Amino acid sequence: MKIVVVNGSPRGRAGNTQIMAAAFLQGAQAAGAETVNIFLAEKQIQYCRGCFSCWMVTPGQCILDDDMKYVLAEAEGADVLVLASPLYFDTVSGMLKVFLERLVVKGDPHFSKTANGESRHWQKPEEKTPRLVMMSNCGFPERSHFQAMSLWVRRVALNMQTDLLGEIYASQGGLLAQDLPQVKSYLQWLNQAGREITAGQALSAETREALSRPFLPDELYIQNANQYFDSVLGNAKGKPQGPE
């Protein structure tokens with residue numbers, strides 16, 4: 001079992017997304033998985049030009065000569081691909097989106113209709129399509145902010161003609177780096193999630209429920225967050241300071 005995390009956080013190894021991914025991968029490794037953790041923040045990957053040369057002119061080969069070829073080599077043979085990103089404007093980061101768009105090089109231009117009546121591009125018979133896991137965190141207290149991302153990744157799995165094994169979303173993500181008992185418990189459940197995925201399973205109902213719990217009541221989280229912002233901005237009562 002090879003599990004590859006593609007981390008789309010601009011903060012890379014220092015981000016809250018990595019805290020989540022590290023706990024997940026520790027569980028996967030303990031269960032016997034081969035793991036790879038790719039930080040897109042450390043790569044130079046250009047955006048797709050939409051020229052379709054990789055389909056029509058040089059099949060399977062992109063005209064862009066950048067780090068995407070190294071990322072594809074690291075991810076080669078993955079059984080599970082974990083898409084990890086902070087929530088930016090209701091969806092994944094730009095760098096993770098660019099990475100996914102560059103995967104067009106792995107596809108086939110021909111169309112066919114699937115059982116649900118929608119057209120898809122063909123899969124190349126020699127290409128192994130990994131199953132997916134979505135992982136994200138946001139600074140807001142409510143999980144409802146992940147609605148668009150959840151719909152998006154379900155469509156990604158549909159178009160890739162693969163299974164979505166789990167969606168792991170952490171609201172109140174700013175607390176992931178804090179030494180709190182509830183955060184430690186959450187990271188243990190992420191470890192369990194890594195073990196379950198390595199076993200070839202979708203996330204269990206118990207694990208999904210545990211990973212959906214907030215760290216703090218919403219109002220307390222909002223109060224603490226605003227107090228922090230005020231301390232950084234120098235606001236005495238939560239209002240912008242004007243000239244004396």
# chains A, B, ... in the order shown; residues from 1 in each chain; ligands from 1
call {"tool": "residues_around", "arguments": {"residues": "A:Asn137", "least_positions_apart": "6", "cutoff": "7 Å", "atoms": "only C-alpha atoms", "output": "number ranges by chain"}}
result
A: 17, 86-87, 169-171, 173
call {"tool": "residues_around", "arguments": {"residues": "A:Glu42", "least_positions_apart": "6", "cutoff": "12 Å", "atoms": "only C-alpha atoms", "output": "NGL selection string"}}
result
:A and (6-14 or 67-68 or 70-71 or 95)
call {"tool": "closest_residue", "arguments": {"among": "A:Lys113, A:Lys128, A:Arg102, A:His121", "to": "A:Gly77", "atoms": "only C-alpha atoms"}}
result
A:Lys128
call {"tool": "closest_residue", "arguments": {"among": "A:Trp122, A:Ala23, A:Cys138, A:Pro109", "to": "A:Asn191", "atoms": "only C-alpha atoms"}}
result
A:Ala23
call {"tool": "atom_distance", "arguments": {"atom1": "atom CA of A:Ala157", "atom2": "atom CA of A:Ser85"}}
result
16.4 Å
call {"tool": "residues_around", "arguments": {"residues": "A:Ser53", "least_positions_apart": "6", "cutoff": "8 Å", "atoms": "only C-alpha atoms", "output": "JSON, numbers by chain"}}
result
{"A": [59, 61, 62, 63]}
call {"tool": "select_by_dssp", "arguments": {"residues": "stretch 20-210 of chain A", "states": "helix (DSSP H, G or I)", "output": "mmCIF file with N, CA and C atoms, in the first residue's frame"}}
result
data_model
loop_
_atom_site.group_PDB
_atom_site.id
_atom_site.type_symbol
_atom_site.label_atom_id
_atom_site.label_comp_id
_atom_site.auth_asym_id
_atom_site.auth_seq_id
_atom_site.Cartn_x
_atom_site.Cartn_y
_atom_site.Cartn_z
ATOM 1 N N MET A 20 -1.944 17.968 10.430
ATOM 2 C CA MET A 20 -2.944 16.943 10.136
ATOM 3 C C MET A 20 -2.326 15.798 9.343
ATOM 4 N N ALA A 21 -1.597 16.150 8.289
ATOM 5 C CA ALA A 21 -1.024 15.124 7.416
ATOM 6 C C ALA A 21 -0.027 14.248 8.163
ATOM 7 N N ALA A 22 0.779 14.854 9.040
ATOM 8 C CA ALA A 22 1.793 14.088 9.774
ATOM 9 C C ALA A 22 1.141 13.041 10.673
ATOM 10 N N ALA A 23 0.072 13.410 11.365
ATOM 11 C CA ALA A 23 -0.617 12.458 12.245
ATOM 12 C C ALA A 23 -1.233 11.327 11.430
ATOM 13 N N PHE A 24 -1.826 11.663 10.300
ATOM 14 C CA PHE A 24 -2.421 10.662 9.411
ATOM 15 C C PHE A 24 -1.355 9.697 8.894
ATOM 16 N N LEU A 25 -0.227 10.239 8.452
ATOM 17 C CA LEU A 25 0.832 9.404 7.881
ATOM 18 C C LEU A 25 1.504 8.533 8.936
ATOM 19 N N GLN A 26 1.585 9.018 10.166
ATOM 20 C CA GLN A 26 2.144 8.193 11.242
ATOM 21 C C GLN A 26 1.311 6.929 11.429
ATOM 22 N N GLY A 27 -0.025 7.104 11.381
ATOM 23 C CA GLY A 27 -0.890 5.937 11.486
ATOM 24 C C GLY A 27 -0.743 5.009 10.308
ATOM 25 N N ALA A 28 -0.633 5.584 9.115
ATOM 26 C CA ALA A 28 -0.473 4.772 7.909
ATOM 27 C C ALA A 28 0.837 3.989 7.948
ATOM 28 N N GLN A 29 1.906 4.633 8.369
ATOM 29 C CA GLN A 29 3.205 3.961 8.452
ATOM 30 C C GLN A 29 3.173 2.838 9.487
ATOM 31 N N ALA A 30 2.517 3.087 10.624
ATOM 32 C CA ALA A 30 2.422 2.064 11.671
ATOM 33 C C ALA A 30 1.657 0.840 11.183
ATOM 34 N N LEU A 40 3.988 21.068 -2.135
ATOM 35 C CA LEU A 40 3.972 21.869 -3.358
ATOM 36 C C LEU A 40 4.635 23.224 -3.156
ATOM 37 N N ALA A 41 4.684 23.712 -1.913
ATOM 38 C CA ALA A 41 5.332 24.989 -1.634
ATOM 39 C C ALA A 41 6.829 24.936 -1.931
ATOM 40 N N GLU A 42 7.381 23.742 -2.007
ATOM 41 C CA GLU A 42 8.807 23.575 -2.285
ATOM 42 C C GLU A 42 9.074 23.265 -3.754
ATOM 43 N N SER A 53 -1.255 19.821 -25.936
ATOM 44 C CA SER A 53 -0.136 19.154 -26.607
ATOM 45 C C SER A 53 0.110 17.773 -26.009
ATOM 46 N N CYS A 54 -0.131 17.628 -24.724
ATOM 47 C CA CYS A 54 0.109 16.343 -24.065
ATOM 48 C C CYS A 54 -0.877 15.275 -24.525
ATOM 49 N N TRP A 55 -1.923 15.681 -25.223
ATOM 50 C CA TRP A 55 -2.882 14.750 -25.810
ATOM 51 C C TRP A 55 -2.679 14.584 -27.321
ATOM 52 N N MET A 56 -2.447 15.709 -28.013
ATOM 53 C CA MET A 56 -2.516 15.716 -29.475
ATOM 54 C C MET A 56 -1.164 15.713 -30.184
ATOM 55 N N MET A 68 6.855 19.486 -12.009
ATOM 56 C CA MET A 68 5.737 18.549 -12.056
ATOM 57 C C MET A 68 6.216 17.135 -12.381
ATOM 58 N N LYS A 69 7.230 17.028 -13.209
ATOM 59 C CA LYS A 69 7.727 15.689 -13.577
ATOM 60 C C LYS A 69 8.296 14.970 -12.365
ATOM 61 N N TYR A 70 8.904 15.723 -11.436
ATOM 62 C CA TYR A 70 9.448 15.104 -10.236
ATOM 63 C C TYR A 70 8.321 14.685 -9.285
ATOM 64 N N VAL A 71 7.289 15.515 -9.186
ATOM 65 C CA VAL A 71 6.145 15.178 -8.344
ATOM 66 C C VAL A 71 5.454 13.916 -8.855
ATOM 67 N N LEU A 72 5.266 13.840 -10.176
ATOM 68 C CA LEU A 72 4.634 12.655 -10.756
ATOM 69 C C LEU A 72 5.474 11.406 -10.510
ATOM 70 N N ALA A 73 6.777 11.562 -10.559
ATOM 71 C CA ALA A 73 7.662 10.420 -10.309
ATOM 72 C C ALA A 73 7.550 9.953 -8.859
ATOM 73 N N GLU A 74 7.479 10.900 -7.922
ATOM 74 C CA GLU A 74 7.335 10.546 -6.505
ATOM 75 C C GLU A 74 6.001 9.867 -6.229
ATOM 76 N N ALA A 75 4.964 10.305 -6.940
ATOM 77 C CA ALA A 75 3.619 9.778 -6.706
ATOM 78 C C ALA A 75 3.326 8.516 -7.508
ATOM 79 N N GLY A 94 -4.631 27.603 -4.463
ATOM 80 C CA GLY A 94 -4.317 27.713 -5.884
ATOM 81 C C GLY A 94 -3.266 26.718 -6.325
ATOM 82 N N MET A 95 -2.265 26.476 -5.477
ATOM 83 C CA MET A 95 -1.191 25.579 -5.903
ATOM 84 C C MET A 95 -1.668 24.126 -5.997
ATOM 85 N N LEU A 96 -2.608 23.721 -5.138
ATOM 86 C CA LEU A 96 -3.143 22.364 -5.277
ATOM 87 C C LEU A 96 -4.013 22.263 -6.516
ATOM 88 N N LYS A 97 -4.763 23.310 -6.811
ATOM 89 C CA LYS A 97 -5.593 23.306 -8.018
ATOM 90 C C LYS A 97 -4.715 23.233 -9.272
ATOM 91 N N VAL A 98 -3.613 23.970 -9.280
ATOM 92 C CA VAL A 98 -2.696 23.926 -10.418
ATOM 93 C C VAL A 98 -2.134 22.520 -10.591
ATOM 94 N N PHE A 99 -1.752 21.887 -9.486
ATOM 95 C CA PHE A 99 -1.242 20.512 -9.553
ATOM 96 C C PHE A 99 -2.266 19.585 -10.203
ATOM 97 N N LEU A 100 -3.513 19.676 -9.771
ATOM 98 C CA LEU A 100 -4.543 18.791 -10.310
ATOM 99 C C LEU A 100 -4.796 19.061 -11.784
ATOM 100 N N GLU A 101 -4.776 20.327 -12.170
ATOM 101 C CA GLU A 101 -4.992 20.649 -13.580
ATOM 102 C C GLU A 101 -3.875 20.104 -14.455
ATOM 103 N N ARG A 102 -2.673 20.041 -13.921
ATOM 104 C CA ARG A 102 -1.545 19.498 -14.682
ATOM 105 C C ARG A 102 -1.635 17.977 -14.828
ATOM 106 N N LEU A 103 -2.518 17.321 -14.085
ATOM 107 C CA LEU A 103 -2.707 15.875 -14.233
ATOM 108 C C LEU A 103 -3.376 15.514 -15.552
ATOM 109 N N VAL A 104 -3.778 16.525 -16.310
ATOM 110 C CA VAL A 104 -4.356 16.263 -17.635
ATOM 111 C C VAL A 104 -3.398 15.441 -18.492
ATOM 112 N N VAL A 105 -2.110 15.558 -18.217
ATOM 113 C CA VAL A 105 -1.100 14.820 -18.981
ATOM 114 C C VAL A 105 -1.277 13.311 -18.844
ATOM 115 N N LYS A 106 -1.952 12.881 -17.777
ATOM 116 C CA LYS A 106 -2.142 11.455 -17.531
ATOM 117 C C LYS A 106 -3.394 10.909 -18.214
ATOM 118 N N ARG A 143 -18.131 23.899 10.404
ATOM 119 C CA ARG A 143 -17.769 22.958 9.344
ATOM 120 C C ARG A 143 -18.507 23.240 8.044
ATOM 121 N N SER A 144 -19.549 24.046 8.093
ATOM 122 C CA SER A 144 -20.312 24.356 6.883
ATOM 123 C C SER A 144 -19.466 25.043 5.826
ATOM 124 N N HIS A 145 -18.332 25.610 6.213
ATOM 125 C CA HIS A 145 -17.461 26.291 5.251
ATOM 126 C C HIS A 145 -16.808 25.318 4.263
ATOM 127 N N PHE A 146 -16.871 24.025 4.553
ATOM 128 C CA PHE A 146 -16.268 23.028 3.668
ATOM 129 C C PHE A 146 -17.253 22.484 2.633
ATOM 130 N N GLN A 147 -18.455 23.045 2.555
ATOM 131 C CA GLN A 147 -19.476 22.493 1.662
ATOM 132 C C GLN A 147 -19.025 22.491 0.204
ATOM 133 N N ALA A 148 -18.480 23.594 -0.271
ATOM 134 C CA ALA A 148 -18.063 23.675 -1.672
ATOM 135 C C ALA A 148 -16.894 22.738 -1.944
ATOM 136 N N MET A 149 -15.974 22.650 -1.004
ATOM 137 C CA MET A 149 -14.834 21.758 -1.177
ATOM 138 C C MET A 149 -15.295 20.309 -1.240
ATOM 139 N N SER A 150 -16.253 19.952 -0.406
ATOM 140 C CA SER A 150 -16.759 18.583 -0.399
ATOM 141 C C SER A 150 -17.407 18.239 -1.737
ATOM 142 N N LEU A 151 -18.211 19.137 -2.259
ATOM 143 C CA LEU A 151 -18.830 18.894 -3.565
ATOM 144 C C LEU A 151 -17.760 18.785 -4.641
ATOM 145 N N TRP A 152 -16.767 19.666 -4.575
ATOM 146 C CA TRP A 152 -15.688 19.678 -5.568
ATOM 147 C C TRP A 152 -14.935 18.352 -5.585
ATOM 148 N N VAL A 153 -14.525 17.845 -4.410
ATOM 149 C CA VAL A 153 -13.711 16.634 -4.401
ATOM 150 C C VAL A 153 -14.536 15.411 -4.798
ATOM 151 N N ARG A 154 -15.829 15.440 -4.535
ATOM 152 C CA ARG A 154 -16.683 14.348 -4.995
ATOM 153 C C ARG A 154 -16.759 14.333 -6.528
ATOM 154 N N ARG A 155 -16.803 15.508 -7.116
ATOM 155 C CA ARG A 155 -16.784 15.590 -8.577
ATOM 156 C C ARG A 155 -15.425 15.166 -9.128
ATOM 157 N N VAL A 156 -14.352 15.520 -8.443
ATOM 158 C CA VAL A 156 -13.015 15.091 -8.861
ATOM 159 C C VAL A 156 -12.940 13.566 -8.895
ATOM 160 N N ALA A 157 -13.424 12.926 -7.829
ATOM 161 C CA ALA A 157 -13.404 11.467 -7.781
ATOM 162 C C ALA A 157 -14.259 10.875 -8.895
ATOM 163 N N LEU A 158 -15.391 11.503 -9.160
ATOM 164 C CA LEU A 158 -16.281 11.025 -10.220
ATOM 165 C C LEU A 158 -15.588 11.110 -11.575
ATOM 166 N N ASN A 159 -14.942 12.227 -11.838
ATOM 167 C CA ASN A 159 -14.288 12.418 -13.131
ATOM 168 C C ASN A 159 -13.026 11.571 -13.276
ATOM 169 N N MET A 160 -12.388 11.283 -12.152
ATOM 170 C CA MET A 160 -11.222 10.403 -12.190
ATOM 171 C C MET A 160 -11.632 8.928 -12.189
ATOM 172 N N GLY A 173 -9.119 25.546 12.757
ATOM 173 C CA GLY A 173 -7.803 25.006 12.445
ATOM 174 C C GLY A 173 -6.647 25.717 13.115
ATOM 175 N N GLY A 174 -6.849 26.964 13.521
ATOM 176 C CA GLY A 174 -5.785 27.679 14.200
ATOM 177 C C GLY A 174 -5.380 27.052 15.514
ATOM 178 N N LEU A 175 -6.216 26.165 16.045
ATOM 179 C CA LEU A 175 -5.906 25.510 17.317
ATOM 180 C C LEU A 175 -5.074 24.247 17.144
ATOM 181 N N PRO A 181 -5.866 19.235 25.149
ATOM 182 C CA PRO A 181 -6.259 17.818 25.202
ATOM 183 C C PRO A 181 -7.146 17.416 24.027
ATOM 184 N N GLN A 182 -8.068 18.293 23.634
ATOM 185 C CA GLN A 182 -8.979 17.953 22.543
ATOM 186 C C GLN A 182 -8.252 17.893 21.196
ATOM 187 N N VAL A 183 -7.198 18.691 21.049
ATOM 188 C CA VAL A 183 -6.393 18.624 19.824
ATOM 189 C C VAL A 183 -5.573 17.330 19.805
ATOM 190 N N LYS A 184 -5.007 16.966 20.943
ATOM 191 C CA LYS A 184 -4.253 15.702 21.024
ATOM 192 C C LYS A 184 -5.153 14.523 20.677
ATOM 193 N N SER A 185 -6.396 14.560 21.164
ATOM 194 C CA SER A 185 -7.346 13.498 20.847
ATOM 195 C C SER A 185 -7.643 13.476 19.347
ATOM 196 N N TYR A 186 -7.800 14.662 18.762
ATOM 197 C CA TYR A 186 -8.081 14.754 17.335
ATOM 198 C C TYR A 186 -6.941 14.153 16.519
ATOM 199 N N LEU A 187 -5.708 14.446 16.906
ATOM 200 C CA LEU A 187 -4.558 13.915 16.176
ATOM 201 C C LEU A 187 -4.459 12.398 16.324
ATOM 202 N N GLN A 188 -4.884 11.872 17.458
ATOM 203 C CA GLN A 188 -4.925 10.417 17.622
ATOM 204 C C GLN A 188 -5.947 9.791 16.677
ATOM 205 N N TRP A 189 -7.073 10.487 16.487
ATOM 206 C CA TRP A 189 -8.075 9.979 15.549
ATOM 207 C C TRP A 189 -7.586 10.089 14.103
ATOM 208 N N LEU A 190 -6.785 11.114 13.816
ATOM 209 C CA LEU A 190 -6.176 11.192 12.493
ATOM 210 C C LEU A 190 -5.214 10.025 12.277
ATOM 211 N N ASN A 191 -4.493 9.654 13.324
ATOM 212 C CA ASN A 191 -3.626 8.494 13.269
ATOM 213 C C ASN A 191 -4.447 7.241 12.951
ATOM 214 N N GLN A 192 -5.596 7.117 13.613
ATOM 215 C CA GLN A 192 -6.485 5.993 13.357
ATOM 216 C C GLN A 192 -6.992 6.018 11.918
ATOM 217 N N ALA A 193 -7.288 7.208 11.414
ATOM 218 C CA ALA A 193 -7.738 7.331 10.019
ATOM 219 C C ALA A 193 -6.677 6.806 9.063
ATOM 220 N N GLY A 194 -5.410 7.111 9.330
ATOM 221 C CA GLY A 194 -4.328 6.600 8.499
ATOM 222 C C GLY A 194 -4.252 5.084 8.518
ATOM 223 N N ARG A 195 -4.506 4.502 9.685
ATOM 224 C CA ARG A 195 -4.504 3.043 9.802
ATOM 225 C C ARG A 195 -5.650 2.434 9.003
ATOM 226 N N GLU A 196 -6.833 3.049 9.085
ATOM 227 C CA GLU A 196 -7.992 2.516 8.386
ATOM 228 C C GLU A 196 -7.813 2.584 6.873
ATOM 229 N N ILE A 197 -7.287 3.706 6.394
ATOM 230 C CA ILE A 197 -7.081 3.844 4.948
ATOM 231 C C ILE A 197 -6.045 2.842 4.461
ATOM 232 N N THR A 198 -5.003 2.608 5.261
ATOM 233 C CA THR A 198 -3.986 1.638 4.882
ATOM 234 C C THR A 198 -4.568 0.234 4.780
ATOM 235 N N ALA A 205 -17.444 4.966 10.615
ATOM 236 C CA ALA A 205 -18.393 5.954 11.139
ATOM 237 C C ALA A 205 -17.879 6.552 12.438
ATOM 238 N N GLU A 206 -17.242 5.730 13.283
ATOM 239 C CA GLU A 206 -16.711 6.220 14.553
ATOM 240 C C GLU A 206 -15.609 7.247 14.324
ATOM 241 N N THR A 207 -14.726 6.960 13.381
ATOM 242 C CA THR A 207 -13.637 7.890 13.089
ATOM 243 C C THR A 207 -14.172 9.174 12.476
ATOM 244 N N ARG A 208 -15.114 9.061 11.542
ATOM 245 C CA ARG A 208 -15.698 10.264 10.939
ATOM 246 C C ARG A 208 -16.351 11.143 11.982
ATOM 247 N N GLU A 209 -17.055 10.533 12.915
ATOM 248 C CA GLU A 209 -17.736 11.310 13.952
ATOM 249 C C GLU A 209 -16.730 12.014 14.856
ATOM 250 N N ALA A 210 -15.677 11.282 15.241
ATOM 251 C CA ALA A 210 -14.662 11.870 16.119
ATOM 252 C C ALA A 210 -13.944 13.036 15.443
#
call {"tool": "select_by_dssp", "arguments": {"residues": "stretch 9-223 of chain A", "states": "strand (DSSP E)", "output": "ChimeraX atom specification"}}
result
/A:34-39,80-86,111-113,119-121,131-137,164-170
call {"tool": "write_last_selection", "arguments": {"atoms": "C-alpha atoms", "output": "CSV table (one decimal), in the first residue's frame"}}
result
chain,number,residue,atom,x,y,z
A,34,GLU,CA,4.8,3.2,2.2
A,35,THR,CA,4.2,6.9,2.5
A,36,VAL,CA,5.3,10.0,0.5
A,37,ASN,CA,4.7,13.6,1.7
A,38,ILE,CA,5.0,16.1,-1.2
A,39,PHE,CA,5.1,19.8,-0.4
A,80,VAL,CA,-4.2,6.4,-2.3
A,81,LEU,CA,-3.7,10.1,-3.0
A,82,VAL,CA,-4.4,12.4,-0.1
A,83,LEU,CA,-5.3,16.0,-1.3
A,84,ALA,CA,-4.3,18.2,1.6
A,85,SER,CA,-5.0,21.9,1.6
A,86,PRO,CA,-6.1,24.8,3.8
A,111,PHE,CA,-15.1,10.5,-24.4
A,112,SER,CA,-17.5,7.9,-23.3
A,113,LYS,CA,-20.6,7.8,-21.2
A,119,SER,CA,-19.4,11.8,-20.3
A,120,ARG,CA,-15.9,11.2,-19.0
A,121,HIS,CA,-12.5,11.1,-20.7
A,131,ARG,CA,-8.3,6.3,-4.6
A,132,LEU,CA,-8.7,9.7,-2.9
A,133,VAL,CA,-8.8,11.2,0.5
A,134,MET,CA,-9.6,14.9,1.1
A,135,MET,CA,-8.0,16.7,4.0
A,136,SER,CA,-8.4,20.4,5.0
A,137,ASN,CA,-8.7,22.9,7.8
A,164,LEU,CA,-13.3,8.8,-2.4
A,165,LEU,CA,-12.3,7.0,0.8
A,166,GLY,CA,-12.8,9.8,3.2
A,167,GLU,CA,-13.1,13.6,3.8
A,168,ILE,CA,-11.3,15.0,6.8
A,169,TYR,CA,-12.1,18.6,7.7
A,170,ALA,CA,-11.0,20.5,10.8
call {"tool": "atom_distance", "arguments": {"atom1": "atom CA of A:Ala33", "atom2": "atom CA of A:Glu76"}}
result
14.7 Å
call {"tool": "residues_around", "arguments": {"residues": "A:Tyr221", "least_positions_apart": "3", "cutoff": "12 Å", "atoms": "only C-alpha atoms", "output": "number ranges by chain"}}
result
A: 139-142, 171-175, 214-218, 224-228
call {"tool": "write_last_selection", "arguments": {"atoms": "N, CA, C and O atoms", "output": "tab-separated table (two decimals), in the first residue's frame"}}
result
chain	number	residue	atom	x	y	z
A	139	GLY	N	-9.89	28.44	9.41
A	139	GLY	CA	-9.89	29.22	10.63
A	139	GLY	C	-11.27	29.48	11.20
A	139	GLY	O	-11.41	29.85	12.37
A	140	PHE	N	-12.30	29.29	10.40
A	140	PHE	CA	-13.67	29.52	10.88
A	140	PHE	C	-14.09	28.42	11.85
A	140	PHE	O	-13.59	27.30	11.79
A	141	PRO	N	-15.06	28.69	12.72
A	141	PRO	CA	-15.49	27.67	13.67
A	141	PRO	C	-16.45	26.63	13.11
A	141	PRO	O	-16.56	25.53	13.66
A	142	GLU	N	-17.16	26.94	12.02
A	142	GLU	CA	-18.20	26.04	11.53
A	142	GLU	C	-17.69	25.15	10.39
A	142	GLU	O	-16.98	25.60	9.50
A	171	SER	N	-12.43	22.37	11.29
A	171	SER	CA	-12.69	23.78	11.54
A	171	SER	C	-11.88	24.19	12.78
A	171	SER	O	-11.29	23.34	13.45
A	172	GLN	N	-11.84	25.48	13.07
A	172	GLN	CA	-11.03	25.99	14.18
A	172	GLN	C	-9.57	25.56	14.02
A	172	GLN	O	-8.86	25.25	14.98
A	173	GLY	N	-9.12	25.55	12.76
A	173	GLY	CA	-7.80	25.01	12.45
A	173	GLY	C	-6.65	25.72	13.11
A	173	GLY	O	-5.57	25.13	13.27
A	174	GLY	N	-6.85	26.96	13.52
A	174	GLY	CA	-5.78	27.68	14.20
A	174	GLY	C	-5.38	27.05	15.51
A	174	GLY	O	-4.30	27.34	16.04
A	175	LEU	N	-6.22	26.17	16.04
A	175	LEU	CA	-5.91	25.51	17.32
A	175	LEU	C	-5.07	24.25	17.14
A	175	LEU	O	-4.61	23.67	18.13
A	214	PRO	N	-15.87	19.79	17.15
A	214	PRO	CA	-15.11	21.03	17.31
A	214	PRO	C	-14.20	20.96	18.52
A	214	PRO	O	-14.47	20.20	19.47
A	215	PHE	N	-13.15	21.73	18.50
A	215	PHE	CA	-12.25	21.78	19.65
A	215	PHE	C	-12.85	22.59	20.79
A	215	PHE	O	-12.68	22.25	21.96
A	216	LEU	N	-13.54	23.69	20.45
A	216	LEU	CA	-14.14	24.59	21.44
A	216	LEU	C	-15.55	24.95	21.00
A	216	LEU	O	-15.85	24.90	19.79
A	217	PRO	N	-16.42	25.36	21.92
A	217	PRO	CA	-17.70	25.93	21.51
A	217	PRO	C	-17.47	27.14	20.60
A	217	PRO	O	-16.51	27.90	20.81
A	218	ASP	N	-18.32	27.32	19.62
A	218	ASP	CA	-18.11	28.36	18.61
A	218	ASP	C	-17.89	29.74	19.23
A	218	ASP	O	-16.96	30.46	18.85
A	224	ASN	N	-12.00	34.15	21.64
A	224	ASN	CA	-10.54	34.02	21.76
A	224	ASN	C	-9.82	34.49	20.50
A	224	ASN	O	-8.78	35.15	20.57
A	225	ALA	N	-10.40	34.16	19.33
A	225	ALA	CA	-9.78	34.58	18.08
A	225	ALA	C	-9.77	36.10	17.95
A	225	ALA	O	-8.75	36.69	17.58
A	226	ASN	N	-10.88	36.74	18.28
A	226	ASN	CA	-10.96	38.20	18.17
A	226	ASN	C	-10.02	38.89	19.16
A	226	ASN	O	-9.43	39.92	18.84
A	227	GLN	N	-9.90	38.31	20.34
A	227	GLN	CA	-8.96	38.88	21.30
A	227	GLN	C	-7.53	38.79	20.79
A	227	GLN	O	-6.73	39.72	20.97
A	228	TYR	N	-7.21	37.69	20.13
A	228	TYR	CA	-5.87	37.54	19.55
A	228	TYR	C	-5.65	38.58	18.46
A	228	TYR	O	-4.60	39.25	18.43
call {"tool": "closest_residue", "arguments": {"among": "A:Glu118, A:Lys2, A:Asp79, A:Gln46", "to": "A:Asp65", "atoms": "only C-alpha atoms"}}
result
A:Gln46
call {"tool": "atom_distance", "arguments": {"atom1": "atom CA of A:Phe52", "atom2": "atom CA of A:Ala78"}}
result
24.7 Å
